[in-house]
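Asker: Following this line is start-v4.txt, made up of compact mmCIF, C-alpha atoms and all ligand atoms:
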```txt
# COMPACT_ATOMS: atom_id res chain seq x y z
CA MET A 121 195.33 41.37 142.85
CA ASN A 122 193.23 38.46 141.51
CA GLU A 123 189.50 39.03 141.18
CA THR A 124 187.44 36.77 143.43
CA THR A 125 184.01 35.18 143.24
CA HIS A 126 181.99 32.76 145.35
CA PHE A 127 181.78 29.00 145.22
CA GLY A 128 178.89 28.33 147.60
CA TYR A 129 179.96 30.23 150.75
CA GLN A 130 183.68 30.10 149.89
CA THR A 131 185.52 32.99 148.30
CA ILE A 132 187.75 31.73 145.49
CA ASP A 133 189.73 33.13 142.57
CA TYR A 134 187.48 34.05 139.66
CA ASP A 135 189.44 31.82 137.27
CA GLU A 136 189.04 28.83 139.56
CA LYS A 137 185.24 28.70 139.55
CA ASN A 138 184.56 26.76 136.34
CA ALA A 139 186.97 24.03 137.41
CA ARG A 140 185.41 23.80 140.89
CA VAL A 141 181.88 23.60 139.44
CA GLY A 142 183.18 21.11 136.86
CA ALA A 143 184.48 18.87 139.64
CA VAL A 144 181.05 18.93 141.32
CA PHE A 145 179.28 17.76 138.17
CA ASP A 146 181.97 15.20 137.30
CA SER A 147 181.39 13.76 140.75
CA VAL A 148 177.58 13.73 140.71
CA ALA A 149 176.97 12.84 137.01
CA SER A 150 176.35 9.12 137.52
CA ARG A 151 173.88 9.68 140.39
CA TYR A 152 172.45 12.99 139.19
CA ASP A 153 169.01 11.75 138.08
CA ILE A 154 168.28 9.58 141.08
CA MET A 155 169.45 12.32 143.46
CA ASN A 156 167.03 14.78 141.86
CA ASP A 157 164.14 12.42 142.51
CA VAL A 158 165.20 11.79 146.10
CA MET A 159 165.98 15.41 146.96
CA SER A 160 162.76 16.83 145.54
CA PHE A 161 160.55 13.79 146.31
CA GLY A 162 159.94 13.66 142.54
CA VAL A 163 158.58 17.21 142.39
CA HIS A 164 161.35 18.40 140.03
CA ARG A 165 159.57 16.42 137.30
CA LEU A 166 156.45 18.57 137.72
CA TRP A 167 158.49 21.79 137.77
CA LYS A 168 160.21 20.73 134.54
CA ASP A 169 156.94 19.70 132.81
CA TRP A 170 155.37 23.04 133.68
CA TYR A 171 158.50 24.96 132.60
CA VAL A 172 158.70 23.27 129.19
CA TRP A 173 154.97 23.77 128.68
CA GLN A 174 155.55 27.51 129.33
CA THR A 175 158.16 27.70 126.56
CA ASP A 176 155.42 27.09 123.95
CA VAL A 177 158.08 25.30 121.86
CA LYS A 178 156.93 24.25 118.40
CA PRO A 179 158.13 21.89 115.65
CA GLY A 180 160.35 23.79 113.19
CA GLU A 181 162.02 26.04 115.75
CA THR A 182 165.75 26.27 116.49
CA VAL A 183 166.05 25.60 120.20
CA LEU A 184 169.09 25.78 122.48
CA ASP A 185 168.99 23.98 125.84
CA LEU A 186 171.88 25.40 127.87
CA ALA A 187 173.40 23.58 130.86
CA ALA A 188 171.39 20.64 129.58
CA GLY A 189 173.16 18.11 131.79
CA THR A 190 171.56 14.68 131.61
CA GLY A 191 168.91 15.96 129.20
CA ASP A 192 165.78 16.28 131.35
CA ILE A 193 164.70 19.50 129.64
CA SER A 194 166.06 18.61 126.17
CA ALA A 195 164.05 15.37 126.09
CA ARG A 196 160.87 17.21 127.06
CA LEU A 197 161.52 19.87 124.40
CA GLY A 198 162.31 17.21 121.80
CA LYS A 199 158.99 15.45 122.39
CA LYS A 200 157.13 18.69 121.68
CA MET A 201 159.26 19.33 118.57
CA ARG A 202 158.38 16.03 116.89
CA ALA A 203 156.49 16.64 113.67
CA PRO A 204 153.52 14.32 113.15
CA GLY A 205 154.23 11.79 110.39
CA HIS A 206 158.03 12.03 110.70
CA GLY A 207 158.67 9.17 113.10
CA GLY A 208 160.58 10.24 116.18
CA ASP A 209 162.57 12.97 114.51
CA VAL A 210 162.66 16.52 115.72
CA SER A 211 161.45 19.11 113.23
CA GLY A 212 163.68 22.18 113.30
CA GLN A 213 166.85 21.90 115.37
CA LEU A 214 167.45 21.05 119.01
CA ILE A 215 170.89 21.96 120.37
CA VAL A 216 171.75 20.20 123.61
CA SER A 217 174.65 22.02 125.26
CA ASP A 218 176.65 21.85 128.49
CA ILE A 219 180.12 22.88 129.68
CA ASN A 220 180.74 19.47 131.26
CA ALA A 221 181.65 16.51 129.02
CA GLU A 222 180.55 13.92 131.59
CA MET A 223 177.07 15.44 131.97
CA LEU A 224 176.69 16.03 128.22
CA ALA A 225 177.63 12.41 127.47
CA ARG A 226 174.78 11.29 129.73
CA GLY A 227 172.41 13.74 128.04
CA ARG A 228 173.43 12.38 124.66
CA GLU A 229 172.87 8.78 125.74
CA ARG A 230 169.46 9.71 127.16
CA LEU A 231 168.30 11.42 123.95
CA LEU A 232 169.56 8.63 121.73
CA ASN A 233 167.79 6.08 123.97
CA GLU A 234 164.58 8.06 123.59
CA GLY A 235 164.87 7.79 119.80
CA PHE A 236 166.05 11.30 118.94
CA LEU A 237 168.39 10.94 115.97
CA ALA A 238 167.95 13.60 113.29
CA ASN A 239 168.19 17.34 113.94
CA VAL A 240 169.63 17.06 117.44
CA ASP A 241 173.15 18.40 118.07
CA PHE A 242 175.30 18.08 121.15
CA VAL A 243 177.63 20.99 121.82
CA LEU A 244 180.18 21.29 124.62
CA ALA A 245 180.08 25.01 125.46
CA ASN A 246 180.41 27.54 128.23
CA ALA A 247 177.25 29.66 128.50
CA GLU A 248 179.49 32.73 128.91
CA ALA A 249 180.90 32.36 125.36
CA LEU A 250 178.38 30.66 123.10
CA PRO A 251 179.71 29.25 119.81
CA PHE A 252 176.60 30.31 117.86
CA ALA A 253 175.93 33.11 115.39
CA ASP A 254 174.08 36.29 116.32
CA ASN A 255 170.30 36.17 115.77
CA SER A 256 170.21 32.43 115.09
CA ILE A 257 168.02 30.84 117.81
CA ASP A 258 164.25 30.96 118.44
CA LEU A 259 164.18 29.69 122.02
CA ILE A 260 166.76 29.28 124.79
CA THR A 261 166.16 27.25 127.92
CA MET A 262 168.45 26.90 130.92
CA ALA A 263 167.25 24.93 133.92
CA PHE A 264 169.19 24.88 137.19
CA GLY A 265 172.30 25.98 135.31
CA LEU A 266 172.65 29.76 135.62
CA ARG A 267 173.41 29.51 139.34
CA ASN A 268 176.63 27.67 138.51
CA VAL A 269 177.94 30.15 135.94
CA THR A 270 180.78 32.44 137.05
CA ASP A 271 179.72 35.56 135.14
CA GLN A 272 175.94 35.34 134.99
CA ALA A 273 175.46 38.79 133.43
CA GLN A 274 177.78 37.75 130.60
CA ALA A 275 175.81 34.50 130.05
CA ILE A 276 172.54 36.47 129.86
CA LYS A 277 174.16 38.87 127.34
CA GLU A 278 175.24 35.89 125.24
CA MET A 279 171.69 34.50 125.29
CA HIS A 280 170.46 37.87 124.04
CA ARG A 281 173.10 37.99 121.28
CA VAL A 282 172.31 34.56 119.79
CA LEU A 283 168.51 34.88 119.94
CA LYS A 284 166.64 36.03 116.84
CA PRO A 285 164.56 39.18 117.24
CA GLY A 286 161.33 37.95 118.80
CA GLY A 287 163.20 34.96 120.25
CA ARG A 288 162.51 34.05 123.85
CA VAL A 289 164.51 32.88 126.83
CA LEU A 290 163.18 30.98 129.82
CA VAL A 291 165.41 30.26 132.80
CA LEU A 292 164.30 27.90 135.56
CA GLU A 293 166.30 28.28 138.76
CA PHE A 294 166.12 27.89 142.51
CA SER A 295 165.08 31.18 144.03
CA LYS A 296 164.10 32.92 147.25
CA PRO A 297 161.11 31.55 149.18
CA THR A 298 158.42 34.15 149.73
CA SER A 299 157.38 33.01 153.21
CA SER A 300 159.68 33.22 156.27
CA LEU A 301 158.18 30.07 157.79
CA LEU A 302 158.84 28.12 154.60
CA SER A 303 162.32 29.64 154.49
CA LYS A 304 163.17 28.24 157.92
CA ALA A 305 161.96 24.74 157.07
CA TYR A 306 163.76 24.92 153.73
CA ASP A 307 167.03 25.95 155.43
CA TRP A 308 166.82 22.96 157.75
CA TYR A 309 166.12 20.64 154.82
CA SER A 310 168.93 22.16 152.70
CA PHE A 311 171.70 22.07 155.28
CA ASN A 312 170.79 18.76 156.95
CA PHE A 313 168.76 16.47 154.69
CA LEU A 314 170.49 17.37 151.39
CA PRO A 315 174.14 16.80 152.38
CA GLN A 316 173.16 13.62 154.28
CA MET A 317 171.33 12.23 151.22
CA GLY A 318 174.32 13.23 149.08
CA GLN A 319 176.54 11.20 151.39
CA TRP A 320 174.28 8.12 151.45
CA ILE A 321 173.26 7.96 147.81
CA ALA A 322 176.11 9.57 145.88
CA GLY A 323 178.89 9.15 148.46
CA ASP A 324 179.46 12.90 148.14
CA ARG A 325 178.43 15.24 150.95
CA GLU A 326 180.42 18.26 149.70
CA SER A 327 178.68 18.57 146.33
CA TYR A 328 175.27 18.71 147.99
CA GLN A 329 176.54 21.17 150.58
CA TYR A 330 177.65 23.28 147.56
CA LEU A 331 174.16 22.92 146.07
CA ALA A 332 172.54 24.30 149.25
CA GLU A 333 175.04 27.16 149.51
CA SER A 334 174.90 28.07 145.82
CA ILE A 335 171.11 28.44 146.06
CA ARG A 336 171.54 30.93 148.91
CA MET A 337 174.15 32.90 146.95
CA HIS A 338 172.04 33.11 143.78
CA PRO A 339 170.40 36.47 142.98
CA ASP A 340 166.78 36.72 144.13
CA GLN A 341 163.86 37.09 141.71
CA ASP A 342 163.94 40.89 141.40
CA THR A 343 167.72 41.09 141.02
CA LEU A 344 167.74 38.45 138.30
CA GLN A 345 164.87 40.16 136.52
CA THR A 346 166.89 43.41 136.51
CA MET A 347 169.85 41.53 135.01
CA PHE A 348 167.63 40.36 132.13
CA SER A 349 166.46 43.93 131.51
CA GLU A 350 170.04 45.23 131.62
CA ALA A 351 171.05 42.67 128.98
CA GLY A 352 168.46 44.23 126.67
CA PHE A 353 165.55 41.80 127.06
CA ALA A 354 161.98 43.08 126.72
CA LYS A 355 158.85 41.67 128.38
CA VAL A 356 160.91 40.43 131.34
CA ALA A 357 158.85 38.69 133.98
CA TYR A 358 159.13 35.92 136.51
CA GLN A 359 156.78 33.39 137.97
CA ASN A 360 157.31 31.85 141.42
CA ILE A 361 156.60 28.17 141.80
CA ASN A 362 156.01 26.56 145.21
CA LYS A 363 156.25 29.95 146.89
CA GLY A 364 159.54 30.88 145.29
CA ILE A 365 161.49 27.67 145.96
CA VAL A 366 162.02 27.88 142.21
CA ALA A 367 161.16 30.60 139.69
CA ILE A 368 160.82 30.82 135.93
CA HIS A 369 162.38 33.98 134.43
CA LYS A 370 161.29 35.03 130.93
CA GLY A 371 162.45 37.59 128.41
CA VAL A 372 162.01 38.33 124.72
CA LYS A 373 164.59 39.86 122.35
CA ALA A 374 162.98 42.97 120.90
C1 LIG B 1 172.04 21.13 138.03
S1 LIG B 1 172.57 20.71 136.40
C2 LIG B 1 171.12 21.00 135.45
C3 LIG B 1 170.92 19.99 134.35
C4 LIG B 1 169.56 20.04 133.63
N1 LIG B 1 169.34 21.32 132.97
C5 LIG B 1 168.42 19.74 134.56
O1 LIG B 1 167.57 20.62 134.77
O2 LIG B 1 168.37 18.64 135.12
C6 LIG B 1 173.58 22.10 136.03
C7 LIG B 1 174.39 21.96 134.77
O3 LIG B 1 175.00 23.23 134.49
C8 LIG B 1 176.22 22.97 133.83
N2 LIG B 1 177.03 24.19 133.85
C9 LIG B 1 177.71 24.71 134.89
N3 LIG B 1 178.38 25.82 134.52
C10 LIG B 1 178.11 26.01 133.20
C11 LIG B 1 178.50 26.99 132.23
N4 LIG B 1 179.31 28.00 132.56
N5 LIG B 1 178.04 26.86 130.97
C12 LIG B 1 177.22 25.84 130.62
N6 LIG B 1 176.81 24.88 131.50
C13 LIG B 1 177.25 24.97 132.76
C14 LIG B 1 176.79 21.80 134.61
O4 LIG B 1 177.81 21.15 133.91
C15 LIG B 1 175.54 20.96 134.84
O5 LIG B 1 175.38 19.96 133.87
```
Spell out the structure here as structure tokens.
Ligand SMILES: C[S@@+](CC[C@H](N)C(=O)[O-])C[C@H]1O[C@@H](n2cnc3c(N)ncnc32)[C@H](O)[C@@H]1O

Answerer:
Amino acid sequence: MNETTHFGYQTIDYDEKNARVGAVFDSVASRYDIMNDVMSFGVHRLWKDWYVWQTDVKPGETVLDLAAGTGDISARLGKKMRAPGHGGDVSGQLIVSDINAEMLARGRERLLNEGFLANVDFVLANAEALPFADNSIDLITMAFGLRNVTDQAQAIKEMHRVLKPGGRVLVLEFSKPTSSLLSKAYDWYSFNFLPQMGQWIAGDRESYQYLAESIRMHPDQDTLQTMFSEAGFAKVAYQNINKGIVAIHKGVKA
């Protein structure tokens, strides 16, 4: 019998998930940035600023931005990695990575437009099987990506493998609201406003229905924290933002 997994609320064959998620991001790539602004009323920019500030990224580090998509996090990291007196170049190495060629192409264009030339690499890769050496990375970020990965425990193990001892991971993801009143309002917004906006702006209701469902299927804060501990991470912790609408998960490789 084939193993199954979930795609939003649907049960599908395990081997089918990457292709289904791939189709979502192929479809939304061209409208991805504007949809983020509309769906979050611009607030995703503040979440991302705060998240990147929390990474404490420094010039000279080797940094891997997983599920980088159109480059929102990579560009923020790159700005903090610029060494004074070296023009716009990143000091150290910034690896911008995604499983989806369409999304990564947009990320690449974005970073080039922002003047990042030297020391930035673009790598098409599945987070479940990273093409990087053991103990080679100082910092890994993954924003709004883990939810889409078929085998999340495997992706977290891979992050642990490629980090240097003392290296840190920070994952930003939608999470479980901590107030039941907020939860009700958020459900209404997710299953009515989101798919309708998806239809109007991106001509794609289904992808935004998937977004709402995938958030509900994602492990809650405590479960995800346990997964980080089980992968071997030390100093695991999480921080709720906007009452748990999103959360930042952190861990350090001992
Ligand atoms: C919602 S976007 C997030 C993009 C960006 N990090 C941001 O915060 O705007 C999710 C990204 O995860 C990528 N993704 C999905 N499954 C993946 C996997 N198994 N490995 C790596 N990236 C994956 C998608 O291609 C997509 O670009």

Asker: Would you write out, as a tab-separated table, a table of all residues in region 255-298 of chain A that have an atom no more than 8 Å from an atom of region 175-198 of chain A, listing for each the closest atom pair and the distance in Å to one decimal, considering all atoms listed in the file and ordering rows by chain and rising residue number?

Answerer:
```
residue	atom	partner	partner_atom	distance
A:Ser256	CA	A:Thr182	CA	7.7
A:Ile257	CA	A:Thr182	CA	5.3
A:Asp258	CA	A:Thr182	CA	5.3
A:Leu259	CA	A:Val183	CA	4.9
A:Ile260	CA	A:Leu184	CA	4.8
A:Thr261	CA	A:Asp185	CA	4.8
A:Met262	CA	A:Leu186	CA	4.8
A:Ala263	CA	A:Ala187	CA	7.0
A:Phe264	CA	A:Ala187	CA	7.7
A:Gly265	CA	A:Ala187	CA	5.2
A:Leu266	CA	A:Ala187	CA	7.8
A:Leu290	CA	A:Thr175	CA	6.8
```

Asker: Residues within 10 Å of region 139-145 of chain A, please, as a ChimeraX atom specification. Count all atoms listed in the file; anything in the same chain fewer than 4 positions from it doesn't count.

Answerer: /A:127-128,132,135,149-152,189,219-223,268-270,324,326-328,330-331

Asker: Using all atoms listed in the file, can you tell me which of A:Glu293, A:Glu333, A:Glu248, A:Glu350 comes closest to Ile368 (chain A)?

Answerer: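 Closest residue, counting all atoms listed in the file: A:Glu293.
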
Asker: Let me know the centre plus edge lengths, in Å and rounded to one decimal, of a box with edges along x, y and z that contains all listed atoms of ligand LIG 1 (chain B) and is padded by 8 Å on every side, as JSON.

Answerer:
```
{"center_x": 173.4, "center_y": 23.3, "center_z": 134.3, "size_x": 27.7, "size_y": 25.4, "size_z": 23.4}
```

Asker: Which is closer to ligand LIG 1 (chain B) than all the others in A:Ala247, A:Met201, A:Phe242, A:Val163, using all atoms listed in the file?

Answerer: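 Of all the options, A:Ala247 lies closest to ligand LIG 1 (chain B).
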
Asker: CA of Lys370 (chain A) to CA of Val291 (chain A): how many Å, to one decimal?

Answerer: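 Those two atoms sit 6.6 Å apart.
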
Asker: Using CA of Asn360 (chain A) and CA of Pro297 (chain A) as the two end points, give the distance in Å to one decimal.

Answerer: 8.6 Å

Asker: Find, counting only C-alpha atoms and all ligand atoms, the residue in A:Asp254, A:Asp241, A:Asp153, A:Glu278 that gets nearest to ligand LIG 1 (chain B).

Answerer: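 Comparing A:Asp254, A:Asp241, A:Asp153, A:Glu278 against ligand LIG 1 (chain B), the winner is A:Asp153.
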